[in-house]
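Participant: One structure, pasted below without further comment.
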Amino acid sequence: MTGPQGGTFAEVDDSVEPTDGTNVTIIQYNDIQTAMSDNESVGRLVGAINDRRAASDGPAFVVGGGDEVSPSSLSAVSEWRVPVEVLNVMDPDAEVIGNHDLDYGFEAVSNFSEQSEFPWLLANVRAEDGGNVPGTQNYTTVERGGVKIGILGLVDDAIKGKTAVDFEENGYEVTDWSKAGRQVATTLREEENVDVVVALTHTGVPESKEIANNTENIDVIVTGDDEILYEPQVTSGTVIVEAGGVASHIGEVNLSVTEGGVGFNSGRLYSLESGQWSTNETADSIVQEGRSEDLSQVAGETTEPLDSRFSSNYADDTGWGRIIGDAFLAETGADVAMTNAGGIRGDFVIDEGEITYDDVYTSLPFGNTLVTKEMTGRQIVEYLSMTATPPDANFGAQAELQVSGITYELVDRPNAEQRATDVYIQGEPIEMDETYEVTVNSYMAGGEYLSQFETVDRTLKLYGTATVEYIEQQGTVTPPAEDRIRRATRSVGAGEISLGNETATLEYEVPDAVESINDSSFVLMNETSARLGVDQAELSGNTLTLTVDRSALVSLSQASDTVQFYGTYDDSEVDSVRNGYEQSRLNGQAMVSEATLLEAELSAARNEIDELRSELSDREEEISELESQLGTREQRISELESQLESANSSSEDSSDGSGPGFTSVVAAVALVAFAFVARRRA
């Protein structure tokens with residue numbers, strides 16, 4: 001049996017041929033989330049589902065994988081109302097509760113369930129009395145075209161950490177999903193006499209495979225939560241499918257249903273961003289009306305694009321994340337601000353130019369407010385480390401935070417003792433026993449770790465609203481040119497720094513695992529992210545040599561508490577297990593110490609003295625030579641004077657007084673004049 005990309009699919013039931021029985025189509029969607037505020041995306045999603053319904057040659061059933069009513073930019077003004085109106089137009093046969101469907105609390109579930117024209121399913125979250133979350137049920141059955149299907153809903157224990165509601169405080173327990181799935185599926189088979197069992201699992205694909213491996217009687221699993229594209233494939237006799245998220249795709253599973261069993265005919269994912277799809281005008285209009293004029297209001301402008309994509313904000317700090325963090329600090333005046341990357345949504349880029357309310361609330365759609373906690377430096381470092389993921393995790397090394405008022409290094413190495421190092425708060429080294437005020441969003445504040453610390457301030461202002469108001473106050477925002485979260489795979493410590501007249505040379509011994517370097521990637525930074533480019537980087541054996549401008553390095557060091565270098569390289573040990581970033585990153589101390597500066601000054605002074613001594617020696621030789629010439633001239637003058645005196649005596653004796661003539665006296669005078677001129681010239 002051939003799959004949509006040429007692969008061979010196993011059958012759900014080997015005894016059922018694709019041509020047997022009734023063809024049943026399961027159409028699925030999941031994790032609409034932020035797309036719920038995009039009228040075009042929603043109109044196209046509903047239209048595409050109707051297109052596939054119409055194309056089916058047998059009974060078709062539509063089901064959702066959860067996370068539909070939240071979050072979106074409409075959350076701040078509509079909560080669940082607009083999403084439920086859209087879903088009613090879509091007319092699914094059932095939905096499962098996802099973690100974001102609890103964004104408004106447990107009580108809201110019964111409210112939106114009452115307004116929904118379809119059931120919300122949740123079989124393994126139980127109240128203290130054993131009952132369901134109000135507004136949900138374990139399963140539903142739907143009969144169409146002579147085929148009866150049973151649909152059940154499951155979540156995993158991770159839901160407790162993915163929503164702001166406190167399960168224990170509200171008296172709810174998440175039970176084992178495999179056990180609950182097995183029990184409900186058996187009930188559907190034996191008591192409800194369904195032909196097909198479909199499980200809606202807001203767990204993600206890996207957990208759905210576990211459910212398939214540990215349960216019987218489930219034919220199809222429609223999953224959500226991890227928002228990946230997973231074309232229909234069979235695991236342990238169960239077809240699993242997931243259609244990404246944000247209304248980008250829908251999934252389709254085609255089954256052969258007979259009295260003897262269920263067979264898997266075919267399945268595929270449809271991209272809604274390509275091909276010709278209908279648009280449901282009713283769904284489109286509902287969203288347009290819900291957005292109203294408020295969300296089209298301009299908050300301000302940005303001089304650069306602002307990145308709200310998942311891949312960027314989970315992995316590293318971004319310009320948009322820095323602005324959000326700065327908005328938190330502007331609102332509360334705390335020392336540090338942190339917000340989880342999962343609270344930044346939309347998976348889009350705000351273009352350079354105008355920033356609308358819709359942009360901000362699409363990116364920050366949850367009902368989270370700002371909470372300020374009191375934490376010690378040691379607790380901050382521990383939290384930074386526990387939130388970071390290693391390079392061999394599913395998505396590679398990720399900080400999973402956006403921050404303000406703080407800079408630190410994320411150690412990008414497997415089995416690192418501590419993932420966050422070199423932490424600075426407001427430009428000063430963190431004091432482990434010092435107490436700091438840390439602003440986070442209310443979702444984070446309610447988490448297992450942060451909830452234990454004292455709350456010193458709480459505001460009812462939404463984190464999206466705090467950001468909108470900050471942008472309005474600024475008028476025009478430019479993302480801070482800082483590297484607040486710095487990835488470092490290996491640190492080589494302090495090297496040997498020598499200062500020349502114009503350049504500085506830095507030498508480091510690097511581990512054997514450093515195979516080669518990307519010489520153009522090396523840069524020096526201080527704790528405030530001031531940068532200095534490296535003129536030349538060379539790796540010879542285990543010696544790394546960096547050459548930089550001397551005066552610039554000295555200036556950077558004099559204005560800083562620390563200067564470090566960073567550069568990418570190939571690591572023979574780490575790169576083989578790395579996910580995410582392609583190259584490792586090397587780090588080392590590059591601060592010119594006071595001792596080095598004094599040594600350089602002392603060396604320069606000594607060189608200057610040596611030059612002066614050399615010049616003095618040259619002058620002394622010149623003076624000695626001049627003195628010798630002077631002695632020679634003086635001796636000659638003495639001889640000439642003696643000759644003159646002798647000549648005068650002789651002249652007096654021989655002169656006849658007849659005229660001046662050329663006498664010996666005249667000759668003597670001429671010689672004296674010549675000697676005098678020669679001495680002057682010397």
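Each chain in the structure tokens gets a letter, A, B, ..., in the order shown, and its residues are numbered from 1; ligands are numbered from 1 in order too.
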Using only C-alpha atoms, which residues of segment 114-168 of chain A come within 9 Å of segment 76-86 of chain A, and what is the closest atom pair for each, with the distance in Å to one decimal? Give it as CSV, sorted by chain and residue number.

Facilitator:
residue,atom,partner,partner_atom,distance
A:Gln115,CA,A:Val84,CA,7.2
A:Ser116,CA,A:Val84,CA,6.2
A:Glu117,CA,A:Val84,CA,8.8

Participant: For the structure I just gave you, how does DSSP split segment 314-438 of chain A - specifically, which residues are strand (DSSP E)? Reply as a count of residues only.

Facilitator: 41

Participant: Find the residues near Pro119 of chain A: any atom within 10 Å, counting only C-alpha atoms, skip ones fewer than 2 places away on the same chain, and give them as a PyMOL selection string.

Facilitator: chain A and resi 92-96+113-114+116-117+121-122+135-140

Participant: Just to be explicit: take each residue in the selection above, keep N, CA and C atoms, and write the result as a compact mmCIF listing (two decimals), in the first residue's frame.

Facilitator:
# COMPACT_ATOMS: atom_id res chain seq x y z
N PRO A 92 -17.00 20.88 13.62
CA PRO A 92 -16.31 19.60 13.85
C PRO A 92 -17.20 18.64 14.62
N ASP A 93 -16.84 17.37 14.60
CA ASP A 93 -17.60 16.37 15.35
C ASP A 93 -17.15 16.31 16.81
N ALA A 94 -15.92 16.74 17.08
CA ALA A 94 -15.43 16.76 18.46
C ALA A 94 -14.10 17.50 18.53
N GLU A 95 -13.80 17.97 19.73
CA GLU A 95 -12.52 18.64 20.02
C GLU A 95 -11.97 18.08 21.33
N VAL A 96 -10.66 18.10 21.47
CA VAL A 96 -10.02 17.73 22.73
C VAL A 96 -9.52 19.01 23.41
N SER A 113 -17.79 25.59 26.35
CA SER A 113 -18.40 24.33 25.94
C SER A 113 -19.90 24.51 25.72
N GLU A 114 -20.53 25.31 26.61
CA GLU A 114 -21.95 25.57 26.49
C GLU A 114 -22.29 26.30 25.20
N SER A 116 -20.49 26.01 22.46
CA SER A 116 -20.01 25.21 21.32
C SER A 116 -21.09 24.26 20.84
N GLU A 117 -21.20 24.08 19.56
CA GLU A 117 -22.19 23.18 18.96
C GLU A 117 -21.59 21.81 18.70
N LEU A 121 -13.75 17.04 24.61
CA LEU A 121 -13.45 15.75 25.23
C LEU A 121 -12.20 15.82 26.10
N LEU A 122 -12.24 15.11 27.24
CA LEU A 122 -11.08 15.03 28.13
C LEU A 122 -11.33 13.88 29.10
N GLY A 135 -17.95 20.80 31.59
CA GLY A 135 -17.96 21.18 30.18
C GLY A 135 -17.27 20.18 29.28
N THR A 136 -16.69 19.11 29.87
CA THR A 136 -16.03 18.09 29.06
C THR A 136 -16.66 16.73 29.31
N GLN A 137 -16.40 15.80 28.42
CA GLN A 137 -16.85 14.42 28.58
C GLN A 137 -15.76 13.49 28.09
N ASN A 138 -15.83 12.23 28.49
CA ASN A 138 -14.79 11.27 28.14
C ASN A 138 -14.75 10.99 26.64
N TYR A 139 -15.93 10.84 26.05
CA TYR A 139 -16.00 10.45 24.65
C TYR A 139 -17.31 10.90 24.05
N THR A 140 -17.43 10.75 22.75
CA THR A 140 -18.69 10.96 22.04
C THR A 140 -18.76 9.95 20.91

Participant: What is the distance between atom CA of Leu200 of chain A and atom CA of Phe348 of chain A, in Å to one decimal?

Facilitator: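 Calculated distance between atom CA of Leu200 of chain A and atom CA of Phe348 of chain A is 27.8 Å.
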
Participant: Report as CSV: every residue of segment 240-344 of chain A with an atom at most 10 Å from segment 395-405 of chain A, its closest pair of atoms, and their distance in Å to one decimal, counting only C-alpha atoms, with rows sorted by chain and ascending residue number.

Facilitator:
residue,atom,partner,partner_atom,distance
A:Phe310,CA,A:Glu400,CA,9.8
A:Ser311,CA,A:Phe395,CA,9.0
A:Ser312,CA,A:Gln398,CA,9.5
A:Asn313,CA,A:Glu400,CA,7.0
A:Tyr314,CA,A:Glu400,CA,4.3
A:Ala315,CA,A:Gln398,CA,4.2
A:Asp316,CA,A:Ala399,CA,6.0
A:Asp317,CA,A:Gln402,CA,5.4
A:Thr318,CA,A:Gln402,CA,7.4
A:Gly319,CA,A:Gln402,CA,9.5
A:Trp320,CA,A:Gln402,CA,8.9
A:Gly321,CA,A:Gln402,CA,5.1
A:Arg322,CA,A:Ser404,CA,6.1
A:Ile323,CA,A:Ser404,CA,8.3
A:Ile324,CA,A:Gln402,CA,8.0
A:Gly325,CA,A:Ser404,CA,4.8
A:Asp326,CA,A:Ser404,CA,5.6
A:Ala327,CA,A:Ser404,CA,8.9
A:Phe328,CA,A:Ser404,CA,8.2
A:Leu329,CA,A:Ser404,CA,7.4
A:Ala334,CA,A:Gly405,CA,8.6
A:Asp335,CA,A:Gly405,CA,6.1
A:Val336,CA,A:Gly405,CA,4.7
A:Ala337,CA,A:Ser404,CA,5.0
A:Met338,CA,A:Val403,CA,4.5
A:Thr339,CA,A:Gln402,CA,5.4
A:Asn340,CA,A:Leu401,CA,4.6
A:Ala341,CA,A:Leu401,CA,5.1
A:Gly342,CA,A:Glu400,CA,7.5
A:Gly343,CA,A:Leu401,CA,9.4
A:Ile344,CA,A:Gln402,CA,9.4

Participant: Segment 532-655 of chain A: which residues are alpha helix (DSSP H) by DSSP, as a PyMOL selection string?

Facilitator: chain A and resi 550-558+594-654

Participant: If you measure from atom CA of Gly161 of chain A to atom CA of Arg345 of chain A, what distance in Å do you get, rounded to one decimal?

Facilitator: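 Taking atom CA of Gly161 of chain A as the start and atom CA of Arg345 of chain A as the end point, the length is 17.3 Å.
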
Participant: Applying 8 Å and only C-alpha atoms, which residues near Asp284 of chain A remain after dropping the ones on its own chain fewer than 2 positions away? List them as a list in words.

Facilitator: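 Close residues of Asp284 of chain A: Asn39, Glu40, Val42, Gly43, Thr279, Asn280, Glu281, Thr282, Ile286, Val287 and Gln288 of chain A.
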
Participant: Write out as a CSV table (one decimal) with C-alpha atoms, in the first residue's frame which residues come within 10 Å of segment 54-57 of chain A when counting only C-alpha atoms, dropping same-chain ones fewer than 2 positions away.

Facilitator:
chain,number,residue,atom,x,y,z
A,22,THR,CA,-17.1,1.6,3.3
A,23,ASN,CA,-14.5,4.3,2.7
A,24,VAL,CA,-14.4,6.6,5.8
A,25,THR,CA,-12.5,9.9,5.8
A,26,ILE,CA,-11.1,11.5,9.0
A,27,ILE,CA,-10.3,15.2,8.4
A,48,ALA,CA,-10.5,23.7,2.9
A,49,ILE,CA,-12.2,21.4,5.4
A,50,ASN,CA,-15.4,21.8,3.5
A,51,ASP,CA,-13.6,21.2,0.2
A,52,ARG,CA,-12.3,17.9,1.5
A,59,PRO,CA,-18.9,9.5,5.3
A,60,ALA,CA,-16.4,12.2,6.5
A,61,PHE,CA,-15.7,13.2,10.1
A,254,ASN,CA,-8.9,7.3,4.6

Participant: Which residues of segment 496-544 of chain A come within 10 Å of segment 420-443 of chain A, and for each one, what is the closest pair of atoms and their distance in Å to one decimal, counting only C-alpha atoms, sorted by chain and residue number, as a Markdown table?

Facilitator:
| residue | atom | partner | partner_atom | distance |
| --- | --- | --- | --- | --- |
| A:Asn526 | CA | A:Gly427 | CA | 9.3 |
| A:Glu527 | CA | A:Gly427 | CA | 6.0 |
| A:Thr528 | CA | A:Gly427 | CA | 6.1 |
| A:Ser529 | CA | A:Gly427 | CA | 9.7 |
